[in-house]
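Peer 1: Next comes data14.txt, compact mmCIF, C-alpha atoms:
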```txt
# COMPACT_ATOMS: atom_id res chain seq x y z
CA MET A 1 28.77 98.97 71.23
CA CYS A 2 29.06 100.56 67.80
CA ILE A 3 28.36 98.78 64.50
CA ARG A 4 32.07 98.59 63.63
CA ASP A 5 32.82 96.72 66.87
CA ARG A 6 29.99 94.26 66.22
CA ILE A 7 31.28 93.53 62.73
CA LEU A 8 34.86 93.01 63.99
CA ARG A 9 33.61 90.73 66.76
CA LYS A 10 31.66 88.57 64.32
CA GLN A 11 34.66 88.34 61.99
CA ARG A 12 36.95 86.95 64.71
CA PHE A 13 37.67 83.33 63.82
CA GLY A 14 39.16 82.19 67.10
CA MET A 15 41.03 82.96 70.27
CA LYS A 16 43.95 81.61 72.23
CA LEU A 17 42.99 81.02 75.86
CA SER A 18 45.62 80.70 78.58
CA PRO A 19 45.03 78.81 81.82
CA TYR A 20 42.38 80.47 84.01
CA GLN A 21 40.83 82.30 81.05
CA PHE A 22 37.47 81.74 79.37
CA ILE A 23 35.12 83.01 76.68
CA HIS A 24 31.40 82.70 76.08
CA VAL A 25 30.41 81.33 72.67
CA LYS A 26 26.83 81.73 71.45
CA ASP A 27 25.33 79.21 69.04
CA THR A 28 23.24 81.47 66.81
CA ASN A 29 21.14 78.54 65.57
CA SER A 30 19.93 77.36 69.00
CA ASN A 31 20.56 80.62 70.93
CA ILE A 32 22.50 78.70 73.62
CA THR A 33 25.70 80.13 75.07
CA LYS A 34 28.50 77.84 76.21
CA ILE A 35 31.66 78.57 78.13
CA VAL A 36 35.06 77.60 76.71
CA VAL A 37 37.85 77.31 79.29
CA GLY A 38 41.60 77.54 78.58
CA PRO A 39 44.23 76.49 77.94
CA VAL A 40 43.00 75.99 74.37
CA ASN A 41 43.17 77.51 70.91
CA TYR A 42 39.48 77.90 70.12
CA VAL A 43 38.34 78.17 66.50
CA ARG A 44 34.85 79.55 65.97
CA GLN A 45 32.53 77.32 63.95
CA GLU A 46 30.00 78.56 61.44
CA GLY A 47 26.86 79.58 63.30
CA GLU A 48 28.79 80.58 66.44
CA GLU A 49 29.56 84.02 67.81
CA ILE A 50 32.30 84.81 70.33
CA MET A 51 30.72 87.12 72.89
CA HIS A 52 33.95 88.80 74.11
CA ASP A 53 36.54 90.92 72.33
CA LYS A 54 39.29 89.30 74.41
CA PRO A 55 39.55 86.35 76.82
CA GLN A 56 38.15 86.94 80.31
CA ASN A 57 40.10 86.06 83.46
CA PHE A 58 38.73 83.82 86.19
CA ILE A 59 38.13 85.36 89.59
CA ILE A 60 40.61 83.94 92.10
CA LEU A 61 39.43 84.34 95.67
CA ARG A 62 42.27 85.13 98.04
CA GLN A 63 42.23 84.29 101.73
CA ASN A 64 39.46 86.11 103.67
CA THR A 65 37.74 87.36 100.50
CA TYR A 66 34.36 86.69 98.92
CA CYS A 67 32.36 87.36 95.78
CA VAL A 68 28.63 87.64 95.11
CA ILE A 69 27.23 85.39 92.36
CA ALA A 70 24.02 86.57 90.70
CA ASP A 71 21.69 83.87 89.33
CA PRO A 72 23.69 80.88 90.68
CA ILE A 73 23.13 77.37 89.34
CA ALA A 74 20.29 75.45 90.99
CA GLU A 75 22.37 72.50 92.25
CA LYS A 76 26.12 72.73 92.77
CA LYS A 77 26.98 69.03 92.95
CA ASN A 78 24.97 67.76 89.95
CA PRO A 79 23.80 70.70 87.83
CA LYS A 80 20.49 70.01 86.10
CA VAL A 81 19.96 70.87 82.45
CA ASP A 82 16.75 71.65 80.58
CA LYS A 83 15.62 70.11 77.29
CA ASN A 84 17.86 72.52 75.33
CA GLY A 85 21.00 71.64 77.28
CA SER A 86 21.10 74.86 79.32
CA ILE A 87 22.00 74.64 83.01
CA ILE A 88 19.08 75.58 85.27
CA VAL A 89 19.81 78.65 87.42
CA ARG A 90 18.03 80.35 90.30
CA HIS A 91 16.98 83.61 88.62
CA GLY A 92 16.88 86.73 90.77
CA GLU A 93 18.87 85.18 93.63
CA GLN A 94 22.38 85.87 94.88
CA GLU A 95 24.93 83.59 96.48
CA ILE A 96 28.00 84.60 98.48
CA ARG A 97 31.08 82.48 97.81
CA THR A 98 34.12 82.50 100.06
CA GLU A 99 37.64 81.20 99.56
CA GLU A 100 37.08 78.42 102.11
CA GLU A 101 34.09 76.98 100.19
CA TYR A 102 35.45 77.64 96.68
CA PRO A 103 39.25 77.47 96.58
CA GLU A 104 39.19 76.99 92.77
CA PRO A 105 38.93 79.97 90.39
CA VAL A 106 35.42 81.15 89.42
CA SER A 107 34.32 82.20 85.93
CA TYR A 108 31.95 85.15 85.70
CA THR A 109 29.89 87.23 83.32
CA HIS A 110 29.23 90.95 83.25
```
Would you mind giving the structure from this file in structure tokens?
Peer 2:
Amino acid sequence: MCIRDRILRKQRFGMKLSPYQFIHVKDTNSNITKIVVGPVNYVRQEGEEIMHDKPQNFIILRQNTYCVIADPIAEKKNPKVDKNGSIIVRHGEQEIRTEEEYPEPVSYTH
């Protein structure tokens, strides 16, 4: 990413998110990234950085399809958080999710 793109990204004050869209927002003070899910008009606060140039779409698993999740959360039912409020994940592991187990849309990161 060039310097011009970084400057434009930091200057973005907000985004309109439609249903089944999301963005990652990084709190530059605590270095914690949160996910904001649409539908919402999100306005960036001071000390926050929107990590995408445009809203990202959820993955919708169709019948007889799957996706591979890298670094899945440690517990699906009741996700645990650490002292900073970050969800604990299983680093270095992968999880296969199918439409039968996860009929709802899935957010992802690159």
Peer 1: Here's a test: counting only C-alpha atoms, identify every protein, DNA and RNA residue with an atom at most 12 Å from (25.0, 74.6, 94.5) in the file's coordinate frame, and state them as a list in words.
Peer 2: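 So the residues meeting the distance criterion are Ile69, Asp71, Pro72, Ile73, Ala74, Glu75, Lys76, Lys77, Asn78, Pro79, Lys80, Ile87, Ile88, Val89, Arg90, Gln94, Glu95, Ile96, Arg97, Glu101 and Tyr102 of chain A.
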Peer 1: (22.3, 78.9, 61.9) in this file's frame - what residues fall within 6 Å of it? Use only C-alpha atoms and give the answer as a list of chain:residue names.
Peer 2: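 Every polymer residue passing the test: A:Thr28, A:Asn29, A:Gly47.
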Peer 1: Please provide as a ChimeraX atom specification all residues within 10 Å of Tyr42 of chain A, with the sequence filter that same-chain residues fewer than 3 positions apart are discarded (counting only C-alpha atoms).
Peer 2: /A:13-17,23,36-39,45,50
Peer 1: Of the candidates A:Asn57, A:Thr33, A:Asn41, A:Gln63, which shows the shortest atom-to-atom distance to Gly85 of chain A, using all atoms listed in the file?
Peer 2: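 Closest to Gly85 of chain A of all the choices is A:Thr33.
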Peer 1: Would you work out the distance separating atom CA of Gln21 of chain A from atom CA of Lys54 of chain A, expressed in Å to one decimal?
Peer 2: 9.8 Å
Peer 1: Between atom CA of Arg62 of chain A and atom CA of Pro103 of chain A, what is the spacing in Å?
Peer 2: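 Separation of atom CA of Pro103 of chain A and atom CA of Arg62 of chain A: 8.4 Å.
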Peer 1: Figure out the distance between atom CA of Ile59 of chain A and atom CA of Val43 of chain A, please, to one decimal in Å.
Peer 2: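 Result for atom CA of Val43 of chain A versus atom CA of Ile59 of chain A: 24.2 Å, one decimal.
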